[in-house]
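Here is the file target22.cif (mmCIF, C-alpha atoms (C1' of nucleotides)).
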```
data_structure
#
loop_
_atom_site.label_atom_id
_atom_site.label_comp_id
_atom_site.auth_asym_id
_atom_site.auth_seq_id
_atom_site.Cartn_x
_atom_site.Cartn_y
_atom_site.Cartn_z
CA MET M 154 -44.98 51.11 -8.74
CA GLY M 155 -42.73 48.13 -9.09
CA SER M 156 -41.58 46.69 -12.36
CA ASN M 157 -43.84 43.73 -12.91
CA ALA M 158 -47.27 42.71 -11.65
CA ARG M 159 -48.81 45.81 -13.20
CA ARG M 160 -52.14 45.62 -14.94
CA GLY M 161 -54.83 43.92 -12.94
CA PRO M 162 -56.89 41.01 -14.16
CA TYR M 163 -59.04 42.00 -17.09
CA VAL M 164 -62.77 41.74 -17.57
CA CYS M 165 -62.42 41.29 -21.32
CA GLY M 166 -60.13 41.78 -24.28
CA ILE M 167 -61.00 45.43 -24.76
CA ASP M 168 -60.04 46.02 -21.20
CA ALA M 169 -56.64 44.43 -21.73
CA ALA M 170 -56.04 46.33 -24.94
CA MET M 171 -57.16 49.67 -23.55
CA ASP M 172 -54.85 49.23 -20.62
CA VAL M 173 -51.94 49.04 -23.01
CA VAL M 174 -52.92 51.99 -25.23
CA SER M 175 -54.25 54.34 -22.63
CA GLY M 176 -51.89 57.22 -22.11
CA LYS M 177 -52.09 60.53 -23.84
CA TRP M 178 -49.39 59.80 -26.44
CA LYS M 179 -49.30 56.04 -26.84
CA SER M 180 -51.43 55.66 -29.92
CA LEU M 181 -49.50 58.50 -31.53
CA ILE M 182 -46.19 56.80 -30.72
CA LEU M 183 -47.53 53.61 -32.27
CA TRP M 184 -48.58 55.53 -35.35
CA GLU M 185 -45.28 57.36 -35.66
CA LEU M 186 -43.23 54.20 -35.32
CA ASN M 187 -45.48 52.43 -37.77
CA ASN M 188 -44.95 55.18 -40.33
CA TYR M 189 -41.21 55.57 -39.99
CA GLY M 190 -40.20 52.05 -38.99
CA THR M 191 -37.50 53.36 -36.68
CA ARG M 192 -37.28 56.61 -34.76
CA ARG M 193 -34.76 58.08 -32.39
CA PHE M 194 -35.88 59.57 -29.09
CA GLY M 195 -35.35 63.11 -30.35
CA GLU M 196 -37.19 62.42 -33.58
CA LEU M 197 -40.18 61.19 -31.64
CA ARG M 198 -40.08 64.22 -29.38
CA ARG M 199 -40.08 66.55 -32.36
CA GLY M 200 -42.68 64.43 -34.17
CA LEU M 201 -45.24 64.51 -31.35
CA ALA M 202 -45.99 68.19 -30.98
CA GLY M 203 -46.39 69.10 -27.34
CA VAL M 204 -45.10 65.95 -25.66
CA SER M 205 -42.76 66.44 -22.70
CA GLU M 206 -39.58 64.40 -22.40
CA LYS M 207 -40.83 62.94 -19.16
CA MET M 208 -44.07 61.62 -20.61
CA LEU M 209 -42.42 60.44 -23.80
CA ILE M 210 -39.86 58.32 -22.01
CA GLN M 211 -42.42 57.09 -19.51
CA HIS M 212 -44.74 55.93 -22.26
CA LEU M 213 -41.88 54.41 -24.23
CA ARG M 214 -40.76 52.44 -21.17
CA GLU M 215 -44.22 51.13 -20.47
CA MET M 216 -44.72 50.16 -24.08
CA GLU M 217 -41.40 48.37 -24.07
CA GLU M 218 -42.39 46.54 -20.91
CA ASP M 219 -45.67 45.62 -22.55
CA GLY M 220 -43.80 44.16 -25.51
CA LEU M 221 -45.06 46.71 -28.03
CA ILE M 222 -41.80 48.36 -28.96
CA HIS M 223 -38.14 47.50 -29.19
CA ARG M 224 -35.40 49.74 -27.82
CA GLU M 225 -31.95 49.63 -29.39
CA VAL M 226 -29.10 51.50 -27.74
CA TYR M 227 -25.96 52.46 -29.65
CA ARG M 228 -23.07 53.26 -27.35
CA GLU M 229 -21.94 56.39 -29.11
CA VAL M 230 -21.35 59.95 -28.06
CA PRO M 231 -23.65 61.71 -28.18
CA PRO M 232 -25.87 58.73 -27.36
CA ARG M 233 -28.25 57.25 -29.88
CA VAL M 234 -31.35 55.18 -29.14
CA ASP M 235 -33.63 53.72 -31.77
CA TYR M 236 -37.21 52.72 -31.16
CA SER M 237 -39.24 50.43 -33.39
CA LEU M 238 -42.40 48.35 -33.22
CA THR M 239 -42.32 44.70 -32.27
CA GLU M 240 -44.66 42.24 -33.91
CA HIS M 241 -47.13 42.79 -31.09
CA GLY M 242 -46.92 46.52 -31.58
CA SER M 243 -47.58 46.14 -35.29
CA SER M 244 -50.56 43.90 -34.75
CA LEU M 245 -51.93 46.32 -32.18
CA ASN M 246 -51.65 49.05 -34.75
CA GLU M 247 -53.62 46.94 -37.19
CA ALA M 248 -56.24 46.27 -34.55
CA LEU M 249 -56.57 50.01 -33.99
CA ARG M 250 -57.21 50.75 -37.63
CA PRO M 251 -61.02 50.33 -37.58
CA LEU M 252 -61.18 52.46 -34.47
CA GLY M 253 -59.17 55.14 -36.22
CA ALA M 254 -61.50 54.99 -39.19
CA TRP M 255 -64.50 55.33 -36.89
CA GLY M 256 -62.88 58.33 -35.23
CA SER M 257 -62.20 59.98 -38.56
CA GLN M 258 -65.82 59.62 -39.54
CA ARG M 259 -66.81 61.10 -36.22
CA CYS M 260 -64.54 64.08 -36.90
CA GLU M 261 -66.20 64.58 -40.26
CA ARG M 262 -69.63 64.42 -38.68
CA LEU M 263 -68.66 66.94 -36.03
CA ALA M 264 -67.19 69.27 -38.64
CA ALA M 265 -70.31 68.95 -40.77
CA GLU M 266 -72.51 69.81 -37.78
CA ARG M 267 -70.50 72.88 -36.97
CA ASP M 268 -70.25 74.08 -40.55
CA PRO M 269 -73.15 72.78 -42.61
CA THR M 270 -71.72 73.98 -45.91
CA GLY M 271 -72.80 70.78 -47.56
CA GLU M 272 -72.04 71.67 -51.17
CA MET Y 56 -68.33 70.92 -16.78
CA GLY Y 57 -69.98 72.74 -19.68
CA SER Y 58 -72.39 71.11 -22.04
CA ASN Y 59 -70.88 71.54 -25.46
CA ALA Y 60 -67.47 72.49 -26.84
CA ARG Y 61 -65.87 69.57 -25.05
CA ARG Y 62 -63.24 67.48 -26.75
CA GLY Y 63 -60.45 69.49 -28.28
CA PRO Y 64 -59.36 69.31 -31.88
CA TYR Y 65 -57.98 65.90 -32.69
CA VAL Y 66 -54.65 64.88 -34.14
CA CYS Y 67 -56.13 61.84 -35.85
CA GLY Y 68 -59.04 59.44 -35.85
CA ILE Y 69 -57.68 57.28 -33.05
CA ASP Y 70 -57.50 60.38 -30.94
CA ALA Y 71 -61.14 61.19 -31.58
CA ALA Y 72 -62.26 57.64 -30.93
CA MET Y 73 -60.20 57.23 -27.77
CA ASP Y 74 -61.65 60.43 -26.43
CA VAL Y 75 -65.09 58.92 -26.65
CA VAL Y 76 -64.25 55.51 -25.15
CA SER Y 77 -61.83 56.57 -22.47
CA GLY Y 78 -63.38 56.22 -19.08
CA LYS Y 79 -63.05 53.21 -16.88
CA TRP Y 80 -66.44 51.70 -17.73
CA LYS Y 81 -67.36 52.98 -21.15
CA SER Y 82 -66.27 50.05 -23.25
CA LEU Y 83 -68.00 47.75 -20.78
CA ILE Y 84 -71.20 49.77 -21.03
CA LEU Y 85 -70.97 49.53 -24.80
CA TRP Y 86 -70.47 45.80 -24.57
CA GLU Y 87 -73.33 45.32 -22.12
CA LEU Y 88 -75.76 47.35 -24.19
CA ASN Y 89 -74.68 45.54 -27.31
CA ASN Y 90 -75.35 42.17 -25.69
CA TYR Y 91 -78.71 42.97 -24.15
CA GLY Y 92 -80.04 45.54 -26.59
CA THR Y 93 -81.71 47.49 -23.81
CA ARG Y 94 -80.76 47.82 -20.16
CA ARG Y 95 -82.19 49.74 -17.25
CA PHE Y 96 -79.95 51.82 -15.03
CA GLY Y 97 -80.12 49.29 -12.23
CA GLU Y 98 -79.41 46.40 -14.56
CA LEU Y 99 -76.29 48.12 -15.80
CA ARG Y 100 -75.19 48.84 -12.25
CA ARG Y 101 -75.57 45.22 -11.29
CA GLY Y 102 -74.01 44.06 -14.55
CA LEU Y 103 -70.83 46.07 -14.18
CA ALA Y 104 -69.31 44.69 -11.02
CA GLY Y 105 -67.74 47.46 -8.98
CA VAL Y 106 -69.09 50.51 -10.75
CA SER Y 107 -70.39 53.32 -8.56
CA GLU Y 108 -73.68 55.02 -9.34
CA LYS Y 109 -71.89 58.31 -9.77
CA MET Y 110 -69.48 57.03 -12.41
CA LEU Y 111 -72.15 55.00 -14.17
CA ILE Y 112 -74.47 57.94 -14.63
CA GLN Y 113 -71.58 60.23 -15.51
CA HIS Y 114 -70.38 57.89 -18.23
CA LEU Y 115 -73.91 57.30 -19.49
CA ARG Y 116 -74.49 61.05 -19.76
CA GLU Y 117 -71.27 61.63 -21.66
CA MET Y 118 -71.99 58.76 -24.00
CA GLU Y 119 -75.45 60.13 -24.62
CA GLU Y 120 -73.98 63.53 -25.34
CA ASP Y 121 -71.52 61.89 -27.72
CA GLY Y 122 -74.38 60.25 -29.57
CA LEU Y 123 -73.42 56.70 -28.63
CA ILE Y 124 -76.44 55.74 -26.56
CA HIS Y 125 -80.12 56.56 -26.35
CA ARG Y 126 -81.90 57.27 -23.08
CA GLU Y 127 -85.60 56.54 -22.78
CA VAL Y 128 -87.48 57.68 -19.70
CA TYR Y 129 -90.80 56.11 -18.67
CA ARG Y 130 -92.72 58.30 -16.30
CA GLU Y 131 -93.68 55.62 -13.85
CA VAL Y 132 -93.25 55.12 -10.16
CA PRO Y 133 -90.78 53.81 -9.29
CA PRO Y 134 -89.01 55.44 -12.23
CA ARG Y 135 -87.78 53.45 -15.18
CA VAL Y 136 -85.06 54.45 -17.61
CA ASP Y 137 -83.91 52.36 -20.53
CA TYR Y 138 -80.55 52.72 -22.23
CA SER Y 139 -79.69 51.38 -25.67
CA LEU Y 140 -77.06 51.86 -28.34
CA THR Y 141 -77.56 54.29 -31.18
CA GLU Y 142 -76.28 53.48 -34.64
CA HIS Y 143 -73.05 55.32 -33.81
CA GLY Y 144 -72.69 53.29 -30.64
CA SER Y 145 -73.18 50.08 -32.56
CA SER Y 146 -70.63 50.98 -35.17
CA LEU Y 147 -68.17 51.97 -32.48
CA ASN Y 148 -68.65 48.57 -30.96
CA GLU Y 149 -67.89 46.99 -34.29
CA ALA Y 150 -64.79 49.13 -34.64
CA LEU Y 151 -63.64 47.94 -31.23
CA ARG Y 152 -63.93 44.28 -32.13
CA PRO Y 153 -60.41 43.82 -33.54
CA LEU Y 154 -59.00 45.63 -30.53
CA GLY Y 155 -60.90 43.29 -28.26
CA ALA Y 156 -59.56 40.30 -30.15
CA TRP Y 157 -56.03 41.65 -29.84
CA GLY Y 158 -56.55 42.11 -26.11
CA SER Y 159 -57.85 38.59 -25.69
CA GLN Y 160 -54.77 37.21 -27.40
CA ARG Y 161 -52.64 39.32 -25.13
CA CYS Y 162 -54.43 37.86 -22.12
CA GLU Y 163 -53.72 34.38 -23.38
CA ARG Y 164 -50.07 35.21 -23.89
CA LEU Y 165 -49.79 36.64 -20.40
CA ALA Y 166 -51.49 33.61 -18.90
CA ALA Y 167 -49.20 31.30 -20.85
CA GLU Y 168 -46.15 33.15 -19.61
CA ARG Y 169 -47.25 32.92 -16.01
CA ASP Y 170 -48.30 29.31 -16.20
CA PRO Y 171 -46.44 27.50 -19.00
CA THR Y 172 -48.52 24.34 -18.71
CA GLY Y 173 -48.74 24.09 -22.47
CA GLU Y 174 -50.27 20.60 -22.79
"C1'" DT P 55 -95.97 56.64 9.53
"C1'" DT P 56 -92.31 54.16 7.90
"C1'" DC P 57 -90.04 51.58 4.41
"C1'" DA P 58 -88.80 49.79 -0.07
"C1'" DA P 59 -87.85 50.52 -4.91
"C1'" DT P 60 -85.73 53.28 -8.57
"C1'" DA P 61 -82.87 56.66 -10.69
"C1'" DC P 62 -80.37 59.82 -9.83
"C1'" DT P 63 -77.50 64.23 -7.09
"C1'" DT P 64 -74.20 66.31 -4.35
"C1'" DA P 65 -70.21 67.12 -1.45
"C1'" DC P 66 -65.96 65.63 -0.25
"C1'" DT P 67 -61.74 63.00 -0.78
"C1'" DC P 68 -58.11 60.26 -2.78
"C1'" DT P 69 -55.46 58.55 -6.69
"C1'" DT P 70 -53.72 58.79 -11.20
"C1'" DT P 71 -52.05 61.32 -14.91
"C1'" DG P 72 -49.62 64.82 -17.04
"C1'" DG P 73 -46.73 69.08 -17.05
"C1'" DT P 74 -42.49 72.20 -15.87
"C1'" DA P 75 -38.07 72.91 -15.06
"C1'" DA P 76 -33.71 71.82 -13.76
"C1'" DG P 77 -29.99 68.37 -13.44
"C1'" DT P 78 -26.88 64.08 -15.11
"C1'" DG P 79 -23.12 62.01 -18.01
"C1'" DT P 80 -20.14 61.73 -22.02
"C1'" DC P 81 -17.20 63.41 -25.61
"C1'" DC P 82 -15.72 66.81 -28.79
"C1'" DA P 83 -15.38 71.54 -30.84
"C1'" DG P 84 -13.87 76.09 -29.85
"C1'" DC S 179 -12.78 75.64 -19.46
"C1'" DT S 180 -17.19 76.23 -21.59
"C1'" DG S 181 -20.88 74.88 -24.15
"C1'" DG S 182 -23.47 71.90 -27.23
"C1'" DA S 183 -25.64 67.29 -28.60
"C1'" DC S 184 -28.31 63.66 -26.96
"C1'" DA S 185 -31.05 60.72 -24.02
"C1'" DC S 186 -32.56 60.63 -20.20
"C1'" DT S 187 -33.80 61.50 -14.60
"C1'" DT S 188 -35.69 63.82 -10.70
"C1'" DA S 189 -38.47 66.75 -7.76
"C1'" DC S 190 -42.34 69.15 -7.41
"C1'" DC S 191 -47.08 70.70 -8.67
"C1'" DA S 192 -51.75 70.99 -10.94
"C1'" DA S 193 -55.61 68.95 -13.05
"C1'" DA S 194 -58.45 65.19 -14.20
"C1'" DG S 195 -60.57 60.96 -12.98
"C1'" DA S 196 -62.69 57.94 -9.88
"C1'" DG S 197 -64.59 56.46 -5.19
"C1'" DT S 198 -67.64 56.95 -0.80
"C1'" DA S 199 -71.44 58.14 1.41
"C1'" DA S 200 -75.40 60.50 2.14
"C1'" DG S 201 -79.46 62.91 0.28
"C1'" DT S 202 -83.73 63.80 -3.18
"C1'" DA S 203 -88.30 62.61 -5.16
"C1'" DT S 204 -92.43 59.68 -5.85
"C1'" DT S 205 -95.84 56.33 -4.67
"C1'" DG S 206 -97.70 52.17 -2.88
"C1'" DA S 207 -97.39 48.44 0.47
"C1'" DA S 208 -97.19 47.12 5.42
#
```
Final C-alpha cells representation of the file:
Amino acid sequence: MGSNARRGPYVCGIDAAMDVVSGKWKSLILWELNNYGTRRFGELRRGLAGVSEKMLIQHLREMEEDGLIHREVYREVPPRVDYSLTEHGSSLNEALRPLGAWGSQRCERLAAERDPTGE
Amino acid sequence: MGSNARRGPYVCGIDAAMDVVSGKWKSLILWELNNYGTRRFGELRRGLAGVSEKMLIQHLREMEEDGLIHREVYREVPPRVDYSLTEHGSSLNEALRPLGAWGSQRCERLAAERDPTGE
DNA sequence: TTCAATACTTACTCTTTGGTAAGTGTCCAG
DNA sequence: CTGGACACTTACCAAAGAGTAAGTATTGAA
C-alpha cells in the first residue's frame, strides 16, 4: 500500500469514478462538504453518525490524494484542520446528483411496497 | 444470505443507489446489457473479461432481486438463459451516465499527468 | 460410452474493508 | 501535575467480498 500507483487501469469511466467514491463514507463526506463548504475534522466526525476516526481520516486522505478535497492545517493549539471540496470534488458531487435522485426514488418505491397506504 | 430484508435503511439517495451498484462487476453488467439489449449467461461471461462464473451469477441474482434486470429461461438443451434490463435498470444506467462522464475525464487527466505529451 | 455445450452450485480460501480501543503530541486551565 | 481539546496513529480483529476449482444436470453427437 504505497502512496502512488494505486487504482488499476480502468475498463470505463464508471469504473474510474466508482473507484474514487467507493468506501462506506465517501459520498457522505462529499455531501457534507458540499453543504457546509468547509468542515473541521471533528465536525465531520460528529456530522457522520457512526463513523470511526480511523475510517474518517483514511477516507479523507484517499480523497485528498485523489484530488477531491483540500486539507488546510492551522498551526494552533489545540490543532485545527479544515477540509473543503476542490473543483474536482464539486464536479463529482454534481455528477452524483442523478444517481442520488434515482436512489431516492428507489427508497420511495421500497417504502410504498412495504406500506401500501397509497392515500 | 436471506432472500429479503437486505439493504439497511439509507441515509440518502446516493446511499441507496450505491448499495445497488456496488459489486465489482455490476456497473459493467448494466453497461453490457444496455448495449446489447439481451445477453445470455455465457455471452456476459465472455464479455466481462476476468469475471468468474460464481461472481457473475451472484451479481446477476442480486440485480434481479433488486429489480434491475429480467431473467428469461428457455427450457432447452443445452439450457439457455437470457438477461435484459428492466425499466429500473435502464433508468439506473441513465443516472450513471454523468458519473461515467466524470470518470472518463478523470482518466484523461490521469493519463495527461503521466504522459504530458500535450501536442 | 464418452464428450461437449450450457448454466449454474458448492466448498474452500484469500484479500479487502471496516470496527474497537488505546496511545501520541501540544498547550493551557485548574 | 493532571486533565481536557483536538487531530490524528497504531495494533489488532471480524466480517464482507471476491477468486479457484471441481461438481451437477440434460441431451445429442461421435
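Interatomic distance, atom C1' of DG197 of chain S to atom CA of Gly166 of chain M: 24.5 Å.
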Problem set entry | Residues within 8 Å of (-18.5, 59.4, -29.8), file coords, only C-alpha atoms (C1' of nucleotides), listed as a PyMOL selection string | (chain M and resi 229-232) or (chain P and resi 81-82)
Problem set entry | Counting all atoms listed in the file, chain S residues within 8 Å of chain Y, as a ChimeraX atom specification | /S:196-197,204-205
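Note that the spacing between atom CA of Ala72 of chain Y and atom CA of Ala150 of chain Y amounts to 9.6 Å.
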Chain Y near chain P within 12 Å: what's each residue's closest atom pair and its distance in Å to one decimal, counting only C-alpha atoms (C1' of nucleotides), ordered by chain then ascending residue number, as CSV?
```
residue,atom,partner,partner_atom,distance
Y:Arg95,CA,P:DA61,C1',9.6
Y:Phe96,CA,P:DA61,C1',7.1
Y:Gly97,CA,P:DT60,C1',7.8
Y:Glu98,CA,P:DT60,C1',11.1
Y:Leu99,CA,P:DA61,C1',11.9
Y:Arg100,CA,P:DA61,C1',11.1
Y:Ser107,CA,P:DC62,C1',12.0
Y:Glu108,CA,P:DC62,C1',8.2
Y:Lys109,CA,P:DT63,C1',8.6
Y:Met110,CA,P:DC62,C1',11.5
Y:Leu111,CA,P:DC62,C1',10.5
Y:Ile112,CA,P:DC62,C1',7.8
Y:Gln113,CA,P:DC62,C1',10.5
Y:Leu115,CA,P:DC62,C1',11.9
Y:Arg116,CA,P:DC62,C1',11.6
Y:Val128,CA,P:DA61,C1',10.2
Y:Tyr129,CA,P:DA61,C1',11.3
Y:Arg130,CA,P:DA61,C1',11.5
Y:Glu131,CA,P:DT60,C1',9.8
Y:Val132,CA,P:DT60,C1',7.9
Y:Pro133,CA,P:DT60,C1',5.1
Y:Pro134,CA,P:DT60,C1',5.4
Y:Arg135,CA,P:DT60,C1',6.9
Y:Val136,CA,P:DA61,C1',7.6
Y:Asp137,CA,P:DA61,C1',10.8
```
Problem set entry | Between atom CA of Leu103 of chain Y and atom C1' of DA199 of chain S - distance in Å to one decimal |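 Straight-line distance from atom C1' of DA199 of chain S to atom CA of Leu103 of chain Y works out to 19.7 Å.
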Problem set entry | Selection result of the PyMOL selection byres ((chain M) within 7 of (chain Y)) on this file, as a PyMOL selection string | chain M and resi 165-167+169-170+245+248-249+251-257+260
For this session: Run through the PyMOL selection byres ((chain M and resi 190) around 10) on the given coordinates and return the selected residues as a PyMOL selection string.
Result: chain M and resi 184-189+191-192+235-238
Output chain Y as a short mmCIF file (atom, residue, chain, number, x, y, z; two decimals) with C-alpha atoms, in the frame of the given file, after least-squares fitting it to chain M on all in-order C-alpha pairs.
```cif
data_model
loop_
_atom_site.label_atom_id
_atom_site.label_comp_id
_atom_site.auth_asym_id
_atom_site.auth_seq_id
_atom_site.Cartn_x
_atom_site.Cartn_y
_atom_site.Cartn_z
CA MET Y 56 -43.93 51.95 -9.59
CA GLY Y 57 -42.88 48.30 -9.53
CA SER Y 58 -41.57 46.48 -12.53
CA ASN Y 59 -43.89 43.55 -13.00
CA ALA Y 60 -47.32 42.55 -11.71
CA ARG Y 61 -48.84 45.69 -13.18
CA ARG Y 62 -52.18 45.57 -14.92
CA GLY Y 63 -54.88 43.87 -12.93
CA PRO Y 64 -56.96 40.97 -14.12
CA TYR Y 65 -59.11 41.98 -17.05
CA VAL Y 66 -62.84 41.75 -17.56
CA CYS Y 67 -62.48 41.28 -21.30
CA GLY Y 68 -60.17 41.78 -24.24
CA ILE Y 69 -61.04 45.43 -24.72
CA ASP Y 70 -60.05 45.99 -21.14
CA ALA Y 71 -56.66 44.41 -21.69
CA ALA Y 72 -56.06 46.30 -24.90
CA MET Y 73 -57.17 49.65 -23.51
CA ASP Y 74 -54.85 49.19 -20.59
CA VAL Y 75 -51.95 49.01 -22.97
CA VAL Y 76 -52.92 51.96 -25.19
CA SER Y 77 -54.25 54.32 -22.57
CA GLY Y 78 -51.89 57.18 -22.05
CA LYS Y 79 -52.11 60.48 -23.80
CA TRP Y 80 -49.43 59.75 -26.41
CA LYS Y 81 -49.31 56.01 -26.81
CA SER Y 82 -51.46 55.62 -29.88
CA LEU Y 83 -49.54 58.47 -31.48
CA ILE Y 84 -46.24 56.79 -30.68
CA LEU Y 85 -47.57 53.61 -32.24
CA TRP Y 86 -48.64 55.51 -35.31
CA GLU Y 87 -45.34 57.36 -35.62
CA LEU Y 88 -43.28 54.20 -35.28
CA ASN Y 89 -45.51 52.43 -37.74
CA ASN Y 90 -45.02 55.19 -40.31
CA TYR Y 91 -41.27 55.58 -39.97
CA GLY Y 92 -40.25 52.07 -38.98
CA THR Y 93 -37.54 53.38 -36.69
CA ARG Y 94 -37.34 56.64 -34.77
CA ARG Y 95 -34.82 58.12 -32.39
CA PHE Y 96 -35.92 59.59 -29.09
CA GLY Y 97 -35.42 63.13 -30.33
CA GLU Y 98 -37.27 62.44 -33.56
CA LEU Y 99 -40.25 61.18 -31.62
CA ARG Y 100 -40.15 64.21 -29.35
CA ARG Y 101 -40.17 66.55 -32.30
CA GLY Y 102 -42.77 64.46 -34.11
CA LEU Y 103 -45.30 64.51 -31.30
CA ALA Y 104 -46.08 68.17 -30.91
CA GLY Y 105 -46.48 69.07 -27.26
CA VAL Y 106 -45.17 65.94 -25.60
CA SER Y 107 -42.82 66.42 -22.67
CA GLU Y 108 -39.63 64.39 -22.38
CA LYS Y 109 -40.85 62.93 -19.13
CA MET Y 110 -44.10 61.59 -20.57
CA LEU Y 111 -42.45 60.42 -23.77
CA ILE Y 112 -39.87 58.32 -21.99
CA GLN Y 113 -42.43 57.09 -19.48
CA HIS Y 114 -44.75 55.91 -22.23
CA LEU Y 115 -41.89 54.40 -24.21
CA ARG Y 116 -40.75 52.44 -21.16
CA GLU Y 117 -44.22 51.11 -20.45
CA MET Y 118 -44.72 50.15 -24.06
CA GLU Y 119 -41.39 48.37 -24.06
CA GLU Y 120 -42.37 46.54 -20.91
CA ASP Y 121 -45.66 45.60 -22.55
CA GLY Y 122 -43.79 44.14 -25.50
CA LEU Y 123 -45.06 46.68 -28.01
CA ILE Y 124 -41.80 48.37 -28.94
CA HIS Y 125 -38.13 47.52 -29.17
CA ARG Y 126 -35.40 49.77 -27.83
CA GLU Y 127 -31.96 49.67 -29.40
CA VAL Y 128 -29.11 51.55 -27.77
CA TYR Y 129 -25.97 52.53 -29.71
CA ARG Y 130 -23.09 53.32 -27.43
CA GLU Y 131 -21.97 56.46 -29.16
CA VAL Y 132 -21.42 60.02 -28.10
CA PRO Y 133 -23.73 61.81 -28.24
CA PRO Y 134 -25.94 58.83 -27.40
CA ARG Y 135 -28.30 57.31 -29.91
CA VAL Y 136 -31.37 55.24 -29.17
CA ASP Y 137 -33.66 53.77 -31.78
CA TYR Y 138 -37.24 52.74 -31.15
CA SER Y 139 -39.27 50.43 -33.38
CA LEU Y 140 -42.42 48.35 -33.21
CA THR Y 141 -42.32 44.71 -32.26
CA GLU Y 142 -44.66 42.23 -33.91
CA HIS Y 143 -47.13 42.77 -31.06
CA GLY Y 144 -46.93 46.51 -31.57
CA SER Y 145 -47.60 46.11 -35.27
CA SER Y 146 -50.58 43.89 -34.73
CA LEU Y 147 -51.95 46.29 -32.16
CA ASN Y 148 -51.68 49.01 -34.73
CA GLU Y 149 -53.62 46.89 -37.16
CA ALA Y 150 -56.26 46.23 -34.52
CA LEU Y 151 -56.59 49.97 -33.98
CA ARG Y 152 -57.23 50.70 -37.63
CA PRO Y 153 -61.02 50.30 -37.57
CA LEU Y 154 -61.17 52.44 -34.45
CA GLY Y 155 -59.16 55.10 -36.21
CA ALA Y 156 -61.49 54.97 -39.18
CA TRP Y 157 -64.49 55.31 -36.88
CA GLY Y 158 -62.85 58.31 -35.23
CA SER Y 159 -62.14 59.96 -38.55
CA GLN Y 160 -65.78 59.61 -39.54
CA ARG Y 161 -66.76 61.10 -36.23
CA CYS Y 162 -64.48 64.06 -36.90
CA GLU Y 163 -66.13 64.58 -40.25
CA ARG Y 164 -69.56 64.44 -38.68
CA LEU Y 165 -68.58 66.96 -36.04
CA ALA Y 166 -67.10 69.28 -38.63
CA ALA Y 167 -70.22 68.97 -40.76
CA GLU Y 168 -72.41 69.83 -37.80
CA ARG Y 169 -70.39 72.91 -36.97
CA ASP Y 170 -70.10 74.10 -40.53
CA PRO Y 171 -72.98 72.76 -42.65
CA THR Y 172 -71.50 73.99 -45.92
CA GLY Y 173 -72.41 70.74 -47.61
CA GLU Y 174 -71.69 71.68 -51.24
#
```
Problem set entry | Protein and nucleic acid residues near (-75.4, 58.1, -30.9) (cut-off 8 Å, all atoms listed in the file) as a PyMOL selection string | chain Y and resi 118-125+140-144
Starting from the incomplete input, reconstruct N, CA and C atoms of segment 177-189 of chain M and report them as a compact mmCIF listing (two decimals), keeping the file's coordinate frame.
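Below is the file result_34.txt, written as the result:
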```txt
# COMPACT_ATOMS: atom_id res chain seq x y z
N LYS M 177 -51.81 59.46 -22.89
CA LYS M 177 -52.09 60.53 -23.84
C LYS M 177 -51.38 60.38 -25.19
N TRP M 178 -50.18 59.79 -25.21
CA TRP M 178 -49.39 59.80 -26.44
C TRP M 178 -49.17 58.43 -27.05
N LYS M 179 -49.67 57.38 -26.41
CA LYS M 179 -49.30 56.04 -26.84
C LYS M 179 -49.75 55.69 -28.25
N SER M 180 -50.98 56.02 -28.58
CA SER M 180 -51.43 55.66 -29.92
C SER M 180 -50.66 56.46 -30.96
N LEU M 181 -50.28 57.67 -30.60
CA LEU M 181 -49.50 58.50 -31.53
C LEU M 181 -48.09 57.93 -31.72
N ILE M 182 -47.51 57.44 -30.64
CA ILE M 182 -46.19 56.80 -30.72
C ILE M 182 -46.27 55.59 -31.65
N LEU M 183 -47.30 54.80 -31.44
CA LEU M 183 -47.53 53.61 -32.27
C LEU M 183 -47.60 54.01 -33.73
N TRP M 184 -48.37 55.04 -34.00
CA TRP M 184 -48.58 55.53 -35.35
C TRP M 184 -47.27 56.01 -35.97
N GLU M 185 -46.55 56.80 -35.19
CA GLU M 185 -45.28 57.36 -35.66
C GLU M 185 -44.28 56.25 -35.99
N LEU M 186 -44.18 55.29 -35.08
CA LEU M 186 -43.23 54.20 -35.32
C LEU M 186 -43.67 53.34 -36.49
N ASN M 187 -44.98 53.21 -36.65
CA ASN M 187 -45.48 52.43 -37.77
C ASN M 187 -45.15 53.12 -39.10
N ASN M 188 -45.23 54.43 -39.10
CA ASN M 188 -44.95 55.18 -40.33
C ASN M 188 -43.48 55.19 -40.70
N TYR M 189 -42.62 55.38 -39.69
CA TYR M 189 -41.21 55.57 -39.99
C TYR M 189 -40.37 54.30 -39.82
```
